[in-house]
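This is coords_16.csv. It holds CSV, C-alpha atoms and all ligand atoms.
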```csv
chain,number,residue,atom,x,y,z
P,1,MET,CA,11.0,-6.5,25.1
P,2,ALA,CA,11.7,-6.8,21.4
P,3,LYS,CA,13.7,-3.9,20.0
P,4,TYR,CA,14.0,-3.0,16.4
P,5,SER,CA,16.5,-0.4,15.0
P,6,ILE,CA,15.0,1.1,11.9
P,7,GLY,CA,16.5,3.8,9.6
P,8,ILE,CA,14.6,6.7,8.0
P,9,LEU,CA,15.9,7.6,4.6
P,10,GLN,CA,13.4,10.1,3.2
P,11,GLY,CA,14.6,10.3,-0.4
P,12,ASP,CA,13.5,13.1,-2.7
P,13,ASP,CA,10.4,15.1,-3.5
P,14,ILE,CA,7.2,13.5,-2.1
P,15,GLY,CA,9.5,11.2,0.0
P,16,LEU,CA,9.9,14.2,2.4
P,17,GLU,CA,6.1,14.1,2.8
P,18,VAL,CA,5.1,10.4,2.8
P,19,VAL,CA,8.0,8.9,4.8
P,20,PRO,CA,7.5,11.0,8.0
P,21,VAL,CA,3.8,10.0,7.9
P,22,ALA,CA,4.6,6.3,7.6
P,23,VAL,CA,7.1,6.6,10.5
P,24,LYS,CA,4.4,8.2,12.6
P,25,VAL,CA,1.9,5.5,11.8
P,26,LEU,CA,4.4,2.7,12.7
P,27,GLN,CA,5.3,4.4,16.0
P,28,GLU,CA,1.6,4.8,16.9
P,29,ALA,CA,1.0,1.1,16.1
P,30,VAL,CA,3.9,-0.2,18.3
P,31,ASP,CA,3.1,2.2,21.1
P,32,ARG,CA,0.0,0.0,21.6
P,33,TYR,CA,2.2,-3.0,22.6
P,34,PRO,CA,4.5,-2.6,25.6
P,35,GLY,CA,6.7,-5.4,24.4
P,36,VAL,CA,7.8,-3.7,21.1
P,37,LYS,CA,10.1,-0.8,20.8
P,38,ILE,CA,11.6,0.9,17.7
P,39,ASP,CA,14.8,2.9,17.8
P,40,TRP,CA,14.7,5.3,14.8
P,41,LEU,CA,17.8,6.6,13.1
P,42,ASP,CA,17.5,9.5,10.5
P,43,LEU,CA,20.1,9.1,7.8
P,44,PRO,CA,20.9,11.4,4.8
P,45,ILE,CA,20.3,10.2,1.2
P,46,GLY,CA,19.3,11.6,-2.2
P,47,TYR,CA,19.4,15.1,-3.4
P,48,PRO,CA,19.0,16.8,0.0
P,49,SER,CA,22.1,14.9,1.1
P,50,TYR,CA,23.9,15.9,-2.2
P,51,LEU,CA,23.2,19.6,-1.3
P,52,GLU,CA,24.4,19.1,2.2
P,53,CYS,CA,27.5,16.9,1.8
P,54,GLY,CA,28.1,16.5,-1.9
P,55,GLU,CA,26.9,12.9,-2.1
P,56,THR,CA,23.6,11.2,-2.8
P,57,MET,CA,24.8,8.0,-1.0
P,58,PRO,CA,27.1,9.1,1.8
P,59,GLN,CA,29.5,6.6,3.4
P,60,ARG,CA,28.1,7.4,6.9
P,61,THR,CA,24.6,6.3,5.8
P,62,LEU,CA,26.0,3.1,4.4
P,63,ASP,CA,28.0,2.3,7.5
P,64,ALA,CA,25.0,2.9,9.7
P,65,LEU,CA,22.7,0.6,7.7
P,66,TYR,CA,24.8,-2.5,8.3
P,67,ASP,CA,23.8,-2.3,12.0
P,68,LEU,CA,20.1,-1.8,11.5
P,69,ASP,CA,17.3,-4.4,11.3
P,70,GLY,CA,15.7,-2.5,8.5
P,71,TRP,CA,14.9,0.9,7.0
P,72,PHE,CA,12.5,3.1,5.1
P,73,LEU,CA,13.8,4.2,1.7
P,74,GLY,CA,11.7,7.1,0.3
P,75,PRO,CA,11.3,7.5,-3.5
P,76,ILE,CA,14.4,8.7,-5.3
P,77,GLY,CA,14.2,11.4,-8.0
P,78,HIS,CA,17.4,10.4,-9.7
P,79,MET,CA,16.4,11.7,-13.1
P,80,ALA,CA,17.0,15.2,-11.7
P,81,TYR,CA,20.5,14.4,-10.4
P,82,PRO,CA,23.6,15.9,-12.1
P,83,ARG,CA,24.5,13.5,-14.9
P,84,ASP,CA,28.3,14.1,-14.9
P,85,ASP,CA,29.0,13.7,-11.2
P,86,PRO,CA,29.8,10.1,-9.9
P,87,LYS,CA,28.9,11.3,-6.4
P,88,ALA,CA,25.3,11.9,-7.6
P,89,MET,CA,24.6,8.2,-8.2
P,90,ASN,CA,21.1,6.6,-8.0
P,91,PRO,CA,21.2,5.1,-4.5
P,92,HIS,CA,18.4,2.6,-4.7
P,93,PRO,CA,19.8,-0.1,-7.1
P,94,PHE,CA,23.0,0.3,-5.2
P,95,LEU,CA,21.3,-0.4,-1.8
P,96,ARG,CA,19.4,-3.4,-3.2
P,97,ARG,CA,22.6,-4.9,-4.4
P,98,GLU,CA,24.9,-3.9,-1.5
P,99,PHE,CA,22.5,-5.4,1.1
P,100,ASP,CA,21.6,-8.5,-1.0
P,101,LEU,CA,17.9,-7.5,-1.2
P,102,VAL,CA,17.0,-10.3,-3.6
P,103,SER,CA,13.2,-10.3,-3.5
P,104,ASN,CA,11.0,-7.3,-4.1
P,105,ILE,CA,7.5,-8.0,-2.7
P,106,ARG,CA,4.7,-5.9,-4.2
P,107,PRO,CA,1.1,-6.5,-3.2
P,108,THR,CA,-1.9,-5.3,-5.1
P,109,LYS,CA,-5.2,-5.0,-3.2
P,110,SER,CA,-8.5,-3.5,-4.3
P,111,PHE,CA,-10.9,-1.6,-2.0
P,112,SER,CA,-14.6,-1.6,-2.8
P,113,SER,CA,-14.9,2.0,-1.8
P,114,LEU,CA,-12.4,3.1,-4.4
P,115,PRO,CA,-12.9,3.3,-8.2
P,116,CYS,CA,-10.8,0.3,-9.3
P,117,LEU,CA,-10.7,-1.3,-12.7
P,118,HIS,CA,-11.4,-4.6,-10.8
P,119,GLN,CA,-12.8,-5.5,-7.4
P,120,SER,CA,-11.8,-8.4,-5.1
P,121,VAL,CA,-8.2,-8.2,-6.2
P,122,ASP,CA,-5.7,-9.5,-3.7
P,123,LEU,CA,-2.4,-10.6,-5.1
P,124,VAL,CA,1.3,-10.2,-4.5
P,125,ILE,CA,4.0,-10.1,-7.1
P,126,ILE,CA,7.5,-11.1,-6.1
P,127,ARG,CA,10.1,-9.8,-8.4
P,128,GLU,CA,13.8,-10.8,-8.4
P,129,ASN,CA,15.5,-7.5,-7.6
P,130,ASN,CA,19.2,-7.5,-8.5
P,131,GLU,CA,19.8,-9.2,-11.9
P,132,GLY,CA,17.8,-9.7,-15.1
P,133,PHE,CA,18.1,-6.9,-17.7
P,134,GLN,CA,18.8,-4.1,-15.2
P,135,PRO,CA,22.3,-3.0,-16.3
P,136,ASP,CA,22.8,-0.7,-13.3
P,137,ARG,CA,23.0,-3.6,-10.9
P,138,ASN,CA,23.5,-6.9,-12.7
P,139,MET,CA,27.3,-6.7,-13.0
P,140,PHE,CA,30.1,-6.8,-10.4
P,141,ARG,CA,31.9,-4.0,-12.1
P,142,GLY,CA,30.9,-2.1,-15.2
P,143,THR,CA,27.6,-2.0,-16.8
P,144,ALA,CA,25.6,-4.6,-18.7
P,145,GLU,CA,24.8,-2.2,-21.5
P,146,TYR,CA,27.3,-1.1,-24.1
P,147,MET,CA,27.7,0.3,-27.7
P,148,PRO,CA,30.4,-1.5,-29.7
P,149,THR,CA,29.6,1.0,-32.5
P,150,PRO,CA,27.6,4.2,-32.6
P,151,ASP,CA,24.8,2.2,-34.4
P,152,LEU,CA,24.7,-0.9,-32.2
P,153,ALA,CA,23.5,-1.1,-28.6
P,154,MET,CA,23.7,-4.3,-26.5
P,155,SER,CA,22.1,-5.2,-23.2
P,156,VAL,CA,23.0,-8.4,-21.2
P,157,ARG,CA,20.5,-10.2,-19.1
P,158,VAL,CA,21.7,-12.2,-16.0
P,159,ILE,CA,19.8,-15.0,-14.3
P,160,THR,CA,21.3,-17.1,-11.5
P,161,ARG,CA,20.0,-20.2,-9.8
P,162,ARG,CA,20.8,-18.6,-6.4
P,163,ASN,CA,18.6,-15.5,-6.8
P,164,SER,CA,15.8,-17.4,-8.7
P,165,GLU,CA,15.7,-19.9,-5.8
P,166,PHE,CA,15.5,-17.1,-3.2
P,167,ALA,CA,12.7,-15.3,-5.0
P,168,ALA,CA,10.8,-18.6,-5.5
P,169,ARG,CA,11.2,-19.4,-1.8
P,170,THR,CA,9.9,-16.0,-0.8
P,171,ALA,CA,6.9,-16.6,-3.0
P,172,PHE,CA,6.1,-20.0,-1.5
P,173,GLU,CA,6.6,-18.9,2.1
P,174,LEU,CA,4.2,-16.0,1.5
P,175,ALA,CA,1.6,-18.2,-0.2
P,176,ARG,CA,1.7,-20.4,2.9
P,177,GLN,CA,1.2,-17.4,5.2
P,178,ARG,CA,-1.6,-15.7,3.3
P,179,ASN,CA,-5.2,-16.7,3.9
P,180,SER,CA,-5.8,-16.8,0.1
P,181,LEU,CA,-5.8,-19.2,-2.8
P,182,LYS,CA,-2.5,-20.9,-1.8
P,183,LYS,CA,-1.2,-20.7,-5.3
P,184,VAL,CA,2.1,-19.6,-6.8
P,185,THR,CA,2.3,-18.5,-10.5
P,186,ALA,CA,5.8,-18.3,-12.0
P,187,ILE,CA,6.2,-15.9,-15.0
P,188,HIS,CA,8.6,-16.6,-17.9
P,189,LYS,CA,9.2,-16.5,-21.6
P,190,ASN,CA,11.1,-19.7,-22.0
P,191,THR,CA,9.7,-20.1,-25.5
P,192,VAL,CA,12.4,-17.5,-26.5
P,193,PHE,CA,14.8,-17.2,-23.5
P,194,LYS,CA,15.3,-20.9,-23.4
P,195,LEU,CA,18.4,-20.7,-21.1
P,196,GLY,CA,17.6,-17.6,-18.9
P,197,CYS,CA,13.9,-18.1,-18.4
P,198,GLY,CA,14.5,-21.9,-18.6
P,199,LEU,CA,16.9,-21.7,-15.6
P,200,PHE,CA,14.4,-19.5,-13.7
P,201,ILE,CA,11.4,-21.8,-14.2
P,202,ASP,CA,13.4,-25.0,-13.6
P,203,THR,CA,14.5,-23.5,-10.3
P,204,CYS,CA,11.0,-22.5,-9.3
P,205,GLN,CA,9.8,-26.0,-10.2
P,206,GLU,CA,12.5,-27.5,-7.9
P,207,VAL,CA,11.4,-25.2,-5.0
P,208,ALA,CA,7.7,-26.1,-5.6
P,209,LYS,CA,8.5,-29.7,-4.7
P,210,GLU,CA,9.2,-28.6,-1.1
P,211,TYR,CA,5.7,-27.0,-0.9
P,212,PRO,CA,3.2,-29.7,-1.8
P,213,ASP,CA,0.4,-27.8,0.0
P,214,ILE,CA,0.8,-24.9,-2.5
P,215,GLU,CA,-0.6,-25.1,-6.1
P,216,PHE,CA,2.1,-24.2,-8.6
P,217,GLU,CA,1.6,-23.1,-12.2
P,218,THR,CA,3.8,-21.3,-14.8
P,219,MET,CA,2.6,-18.7,-17.4
P,220,VAL,CA,4.2,-17.0,-20.4
P,221,VAL,CA,4.6,-13.3,-19.6
P,222,ASP,CA,2.5,-12.0,-22.5
P,223,THR,CA,-0.3,-14.4,-21.7
P,224,PHE,CA,-0.1,-13.4,-18.1
P,225,ALA,CA,-0.1,-9.6,-18.9
P,226,MET,CA,-3.4,-10.0,-20.6
P,227,ALA,CA,-4.9,-12.4,-17.9
P,228,LEU,CA,-3.9,-9.9,-15.2
P,229,VAL,CA,-6.0,-7.2,-16.9
P,230,MET,CA,-8.9,-9.5,-17.5
P,231,ARG,CA,-9.1,-11.8,-14.4
P,232,PRO,CA,-6.7,-10.6,-11.7
P,233,GLN,CA,-8.8,-12.4,-9.0
P,234,LYS,CA,-7.4,-15.7,-10.3
P,235,TYR,CA,-3.9,-14.9,-8.9
P,236,ASP,CA,-2.5,-15.1,-5.4
P,237,VAL,CA,1.3,-15.0,-5.3
P,238,VAL,CA,3.2,-14.4,-8.6
P,239,VAL,CA,7.0,-14.8,-9.0
P,240,SER,CA,9.0,-13.2,-11.8
P,241,THR,CA,12.4,-12.2,-13.1
P,242,ASN,CA,13.3,-8.5,-12.7
P,243,MET,CA,12.2,-6.6,-15.8
P,244,PHE,CA,9.0,-8.6,-16.3
P,245,GLY,CA,8.1,-8.0,-12.6
P,246,ASP,CA,8.9,-4.3,-12.8
P,247,ILE,CA,6.4,-3.9,-15.7
P,248,LEU,CA,3.7,-6.2,-14.3
P,249,THR,CA,3.7,-4.5,-10.8
P,250,ASP,CA,2.9,-1.1,-12.4
P,251,GLU,CA,0.2,-2.8,-14.5
P,252,ALA,CA,-1.2,-4.4,-11.3
P,253,ALA,CA,-1.1,-1.0,-9.5
P,254,GLY,CA,-3.2,0.5,-12.3
P,255,LEU,CA,-5.9,-2.1,-11.6
P,256,VAL,CA,-6.5,-0.8,-8.1
P,257,GLY,CA,-6.1,3.0,-8.2
P,258,GLY,CA,-2.6,3.8,-9.3
P,259,LEU,CA,0.9,4.1,-7.9
P,260,GLY,CA,-0.2,5.7,-4.6
P,261,MET,CA,-1.8,2.3,-3.9
P,262,ALA,CA,1.4,0.2,-4.5
P,263,PRO,CA,3.5,-0.7,-1.5
P,264,GLY,CA,6.7,-2.7,-1.6
P,265,LEU,CA,9.3,-4.5,0.5
P,266,CYS,CA,12.8,-5.5,-0.5
P,267,VAL,CA,14.1,-8.5,1.4
P,268,GLY,CA,17.2,-10.6,1.5
P,269,PRO,CA,18.8,-13.2,3.8
P,270,ARG,CA,19.7,-10.5,6.4
P,271,TYR,CA,18.1,-7.1,5.7
P,272,VAL,CA,14.8,-5.6,4.8
P,273,MET,CA,14.0,-2.3,3.2
P,274,ALA,CA,10.5,-0.7,3.0
P,275,GLN,CA,10.3,1.0,-0.5
P,276,ALA,CA,7.0,1.9,-2.2
P,277,THR,CA,6.7,1.1,-5.9
P,278,HIS,CA,6.1,4.7,-6.9
P,279,GLY,CA,8.7,7.2,-7.9
P,280,SER,CA,9.4,10.6,-6.3
P,281,ALA,CA,6.5,12.3,-8.2
P,282,PRO,CA,8.1,15.7,-8.7
P,283,ASP,CA,4.9,16.9,-10.4
P,284,ILE,CA,3.1,17.0,-7.0
P,285,ALA,CA,6.0,17.4,-4.6
P,286,GLY,CA,5.7,20.2,-2.0
P,287,ARG,CA,1.9,20.3,-2.2
P,288,HIS,CA,1.2,17.7,0.6
P,289,ILE,CA,-1.3,15.8,-1.6
P,290,ALA,CA,0.7,12.6,-2.1
P,291,ASN,CA,-1.1,9.5,-1.1
P,292,PRO,CA,0.8,8.0,1.9
P,293,TYR,CA,-0.9,4.5,1.6
P,294,ALA,CA,2.0,2.9,-0.4
P,295,MET,CA,4.6,4.1,2.1
P,296,ILE,CA,2.5,3.3,5.2
P,297,MET,CA,1.8,-0.2,3.9
P,298,SER,CA,5.5,-0.7,3.0
P,299,GLY,CA,6.3,0.0,6.6
P,300,GLN,CA,3.5,-2.3,7.7
P,301,MET,CA,5.1,-5.1,5.7
P,302,MET,CA,8.5,-4.4,7.2
P,303,LEU,CA,7.1,-4.6,10.7
P,304,SER,CA,5.3,-7.8,9.9
P,305,TRP,CA,8.4,-9.3,8.3
P,306,LEU,CA,10.6,-8.4,11.3
P,307,GLY,CA,8.0,-9.7,13.7
P,308,ASN,CA,7.8,-13.0,11.8
P,309,LYS,CA,11.6,-13.3,11.7
P,310,LYS,CA,11.9,-12.7,15.4
P,311,GLY,CA,8.8,-14.7,16.3
P,312,ASP,CA,7.4,-11.5,17.9
P,313,GLY,CA,3.6,-11.8,18.1
P,314,GLU,CA,3.1,-8.3,19.3
P,315,ALA,CA,5.0,-6.7,16.4
P,316,ILE,CA,2.9,-8.9,14.1
P,317,GLN,CA,-0.3,-7.7,15.8
P,318,ALA,CA,0.9,-4.1,15.6
P,319,ALA,CA,1.4,-4.6,11.8
P,320,ARG,CA,-2.0,-6.1,11.5
P,321,ASP,CA,-3.5,-3.1,13.4
P,322,ILE,CA,-2.0,-0.8,10.7
P,323,GLU,CA,-3.7,-2.8,8.0
P,324,LEU,CA,-7.0,-2.6,9.8
P,325,GLY,CA,-6.6,1.2,10.4
P,326,VAL,CA,-5.7,1.8,6.8
P,327,GLY,CA,-8.6,-0.4,5.7
P,328,LYS,CA,-11.1,1.6,7.8
P,329,VAL,CA,-9.9,4.9,6.4
P,330,LEU,CA,-10.2,3.6,2.9
P,331,ASP,CA,-13.6,2.0,3.5
P,332,GLU,CA,-15.1,5.2,4.9
P,333,LEU,CA,-13.2,7.5,2.6
P,334,ALA,CA,-13.3,10.0,5.5
P,335,ALA,CA,-9.8,11.4,5.0
P,336,VAL,CA,-8.2,10.4,1.7
P,337,THR,CA,-5.9,12.3,-0.7
P,338,PRO,CA,-7.0,13.8,-4.1
P,339,ASP,CA,-5.8,10.9,-6.2
P,340,LEU,CA,-8.4,8.8,-4.4
P,341,GLY,CA,-11.1,11.4,-4.8
P,342,GLY,CA,-10.7,13.1,-1.4
P,343,LYS,CA,-9.5,16.4,-0.1
P,344,ALA,CA,-7.2,15.4,2.7
P,345,SER,CA,-3.5,16.2,2.9
P,346,THR,CA,-0.8,13.5,3.2
P,347,GLY,CA,-0.6,14.3,6.9
P,348,GLU,CA,-4.3,14.3,7.5
P,349,MET,CA,-4.7,10.8,5.9
P,350,GLY,CA,-1.9,9.6,8.2
P,351,GLU,CA,-3.6,11.1,11.2
P,352,ALA,CA,-6.9,9.4,10.2
P,353,VAL,CA,-5.1,6.0,10.1
P,354,CYS,CA,-3.7,6.7,13.6
P,355,ALA,CA,-7.1,7.7,14.9
P,356,ALA,CA,-8.6,4.5,13.4
P,357,MET,CA,-6.0,2.4,15.2
P,358,ARG,CA,-6.7,4.1,18.5
P,359,ASN,CA,-10.2,2.8,18.3
P,360,LEU,CA,-9.1,-0.8,17.9
P,361,PRO,CA,-8.8,-2.9,21.0
P,362,PRO,CA,-5.2,-4.2,21.2
P,363,GLY,CA,-4.9,-7.6,19.6
P,364,ALA,CA,-8.2,-7.0,17.7
P,365,GLY,CA,-6.4,-7.5,14.4
P,366,SER,CA,-4.8,-10.8,15.3
P,367,ILE,CA,-5.1,-13.3,12.5
P,368,TYR,CA,-2.3,-15.5,13.7
P,401,LIG,P1,10.2,6.1,-11.3
P,401,LIG,O1,10.6,5.8,-12.7
P,401,LIG,O2,11.2,6.9,-10.5
P,401,LIG,O3,9.7,4.9,-10.5
P,401,LIG,P2,7.7,7.0,-12.3
P,401,LIG,O4,8.1,7.5,-13.7
P,401,LIG,O5,7.1,5.7,-12.2
P,401,LIG,O6,9.0,7.1,-11.4
P,401,LIG,P3,6.3,8.6,-10.4
P,401,LIG,O7,7.2,9.6,-9.8
P,401,LIG,O8,6.0,7.3,-9.6
P,401,LIG,O9,6.8,8.2,-11.8
P,401,LIG,O10,4.9,9.2,-10.8
P,401,LIG,C1,4.0,8.8,-11.8
P,401,LIG,C2,2.7,9.4,-11.6
P,401,LIG,O11,2.0,8.9,-10.5
P,401,LIG,C3,2.8,11.0,-11.4
P,401,LIG,O12,1.8,11.6,-12.1
P,401,LIG,C4,2.7,11.1,-9.9
P,401,LIG,O13,2.2,12.3,-9.5
P,401,LIG,C5,1.8,9.9,-9.5
P,401,LIG,N1,2.1,9.4,-8.2
P,401,LIG,C6,3.2,8.7,-7.8
P,401,LIG,N2,3.2,8.5,-6.5
P,401,LIG,C7,2.1,9.0,-6.0
P,401,LIG,C8,1.5,9.1,-4.7
P,401,LIG,N3,2.1,8.5,-3.6
P,401,LIG,N4,0.3,9.8,-4.6
P,401,LIG,C9,-0.3,10.3,-5.6
P,401,LIG,N5,0.2,10.3,-6.9
P,401,LIG,C10,1.4,9.7,-7.1
```

Give the structure from the file, written as structure tokens.
Amino acid sequence: MAKYSIGILQGDDIGLEVVPVAVKVLQEAVDRYPGVKIDWLDLPIGYPSYLECGETMPQRTLDALYDLDGWFLGPIGHMAYPRDDPKAMNPHPFLRREFDLVSNIRPTKSFSSLPCLHQSVDLVIIRENNEGFQPDRNMFRGTAEYMPTPDLAMSVRVITRRNSEFAARTAFELARQRNSLKKVTAIHKNTVFKLGCGLFIDTCQEVAKEYPDIEFETMVVDTFAMALVMRPQKYDVVVSTNMFGDILTDEAAGLVGGLGMAPGLCVGPRYVMAQATHGSAPDIAGRHIANPYAMIMSGQMMLSWLGNKKGDGEAIQAARDIELGVGKVLDELAAVTPDLGGKASTGEMGEAVCAAMRNLPPGAGSIY
């Protein structure tokens, strides 16, 4: 029996709606396989936690996470947190850094039933997560943005060989696993950032030598931004530094139906965190119309990742069943949320995925 301990950090706003649905779908999937068990642990975070105990990132949550295999992190509505209280910090960059979650894996997949800008899109962008231009996480102490005078602002970008190598390795391993083009595209601007992007690309090139079965190419970020809009079908796995990746993943989500269709997984050498690309969407919170796809598929990726790490075929199959269940709901458009043109609530769409999985014979989804 393989056991996984997984935390549930709901986050803010629509997090309270999409995370419970994703948890339910994961539980339904593993219930189909007697050899897999998940022990769930609810942990406070975000604004609800601030109201309850005065902190958005309580120590007891942090202490508990160290003992878990992975966790769901719901979207964080940090823009609404009190600005002047250090106990109201934005937890997500902190968690990515604290748990060394170096690679952020963000897939983009089109469904022919949905109005997408492009069809037959199936790519994954791996974004380095903890350095680059992000000043809230790229320093040990202090911040990488400062104003020496009232009229001069400076931002420091950080690129290390260690994190570039980890992100590149994540990309090549994924390219090997996927039944796709077997290609990695590394994004840079080393025409300008000769040292920073230079180090990133040199490191990717070194890693590429270990994967002769995978095609490797490099592209300048502005050229790639245009190519992504015009011919996204040409790409399989893309690896990038932090800020470029952040922008490109939203652009990619726009190609296939928007942020509700953009799952994500943060991985490091030891921990894994399921975190969708979208924010907390305060404009639609409380109405139960948020699309749960991104959060469900973030959980699916987490289960698959853990199953691969432990060599647990049943967990991998359970993850594949989720993918098939979600695919069926989207193909038939039977119960989808308003952003996808439907009338279903967040919970009804989750229920439809569970029902679709119940109709699959166990193991039906195995591609391994
Ligand atoms: P952040 O900067 O925190 O990532 P953001 O500025 O990208 O947040 P979001 O909160 O992600 O903004 O919302 C952007 C738009 O996408 C909003 O109109 C929101 O309603 C919509 N949106 C985001 N997530 C979903 C979802 N799961 N389902 C439906 N619509 C969503």

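With all atoms listed in the file as the atoms that count, the residue of P:Ala281, P:Leu265, P:Ala334, P:Leu360 with the shortest distance to ligand LIG 401 (chain P) is P:Ala281.
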
Exercise for the section: Could you tell me, counting all atoms listed in the file, which protein and nucleic acid residues lie no more than 7 Å from ligand LIG 401 (chain P), written as number ranges by chain? Expected result: P: 76-77, 258-260, 277-284, 289-292, 294, 339

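CA of Lys24 (chain P) to CA of Gly350 (chain P) spans 7.8 Å [interatomic distance, one decimal].
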
Problem - Nearest to Ser113 (chain P), chosen from P:Ile322, P:Met295, P:Val256, P:Leu306, with all atoms listed in the file counted in the distances - result: P:Val256

Completion exercise
Nearest to Gly198 (chain P), restricted to all atoms listed in the file and choosing among P:Ile8, P:Val121, P:Val220, P:Val238, comes out as P:Val220

Handout entry: Within 10 Å of Asp321 (chain P) using all atoms listed in the file, minus same-chain residues under 3 positions, as a PyMOL selection string
Key = chain P and resi 26+29-30+32+300+315-318+324-327+353-354+356-358+360-366

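Omitting Ala144 (chain P) and its sequence neighbours fewer than 5 positions away, and counting only C-alpha atoms, the residues within 12 Å are Glu131, Gly132, Phe133, Gln134, Pro135, Asp136, Arg137, Asn138, Met139, Ala153, Met154, Ser155, Val156, Arg157 and Val158 of chain P.
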
Do you know which residues are at most 10 Å from Tyr47 (chain P) counting only C-alpha atoms, after dropping those on the same chain fewer than 4 positions away, and could you put them as a tab-separated table (two decimals) with C-alpha atoms, keeping the file's coordinate frame?
```tsv
chain	number	residue	atom	x	y	z
P	11	GLY	CA	14.60	10.30	-0.40
P	12	ASP	CA	13.50	13.10	-2.70
P	13	ASP	CA	10.40	15.10	-3.50
P	51	LEU	CA	23.20	19.60	-1.30
P	52	GLU	CA	24.40	19.10	2.20
P	53	CYS	CA	27.50	16.90	1.80
P	54	GLY	CA	28.10	16.50	-1.90
P	55	GLU	CA	26.90	12.90	-2.10
P	56	THR	CA	23.60	11.20	-2.80
P	57	MET	CA	24.80	8.00	-1.00
P	76	ILE	CA	14.40	8.70	-5.30
P	77	GLY	CA	14.20	11.40	-8.00
P	78	HIS	CA	17.40	10.40	-9.70
P	80	ALA	CA	17.00	15.20	-11.70
P	81	TYR	CA	20.50	14.40	-10.40
P	82	PRO	CA	23.60	15.90	-12.10
P	88	ALA	CA	25.30	11.90	-7.60
P	89	MET	CA	24.60	8.20	-8.20
P	90	ASN	CA	21.10	6.60	-8.00
```

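Our summary of the geometry notes that CA of Pro48 (chain P) is positioned 9.3 Å from CA of Gln10 (chain P).
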
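Candidate residues P:Lys309, P:Asp100, P:Phe72, P:Val239 were compared for distance to Ala22 (chain P), and the nearest is P:Phe72, using only C-alpha atoms.
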
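Computed from the coordinates, the CA of Ala167 (chain P) to CA of Met302 (chain P) distance equals 16.9 Å.
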
Near-region 123-126 of chain P list (6 Å; all atoms listed in the file; drop same-chain fewer than 6 positions) as a short mmCIF file (atom, residue, chain, number, x, y, z; two decimals) with C-alpha atoms, in the coordinates of the input:
```
data_model
loop_
_atom_site.label_atom_id
_atom_site.label_comp_id
_atom_site.auth_asym_id
_atom_site.auth_seq_id
_atom_site.Cartn_x
_atom_site.Cartn_y
_atom_site.Cartn_z
CA ASN P 104 11.00 -7.30 -4.10
CA ILE P 105 7.50 -8.00 -2.70
CA ARG P 106 4.70 -5.90 -4.20
CA PRO P 107 1.10 -6.50 -3.20
CA THR P 108 -1.90 -5.30 -5.10
CA TYR P 235 -3.90 -14.90 -8.90
CA ASP P 236 -2.50 -15.10 -5.40
CA VAL P 237 1.30 -15.00 -5.30
CA VAL P 238 3.20 -14.40 -8.60
CA VAL P 239 7.00 -14.80 -9.00
#
```

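You can rank P:Pro115, P:Gly142, P:Gly74, P:Pro150 by their closest distance to Gly254 (chain P) using all atoms listed in the file, and at the top of that list sits P:Pro115.
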
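Counting all atoms listed in the file, the residue from P:Cys266, P:Ile214, P:Val221, P:Cys197 that sits nearest to Gln177 (chain P) is P:Ile214.
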
Please define a box with edges along x, y and z of the file around all atoms of region 325-342 of chain P given in the file, extend it by 6 Å on each side, and return its centre and edge lengths in Å to one decimal, as JSON.
```
{"center_x": -10.4, "center_y": 6.7, "center_z": 2.1, "size_x": 21.4, "size_y": 26.2, "size_z": 28.6}
```
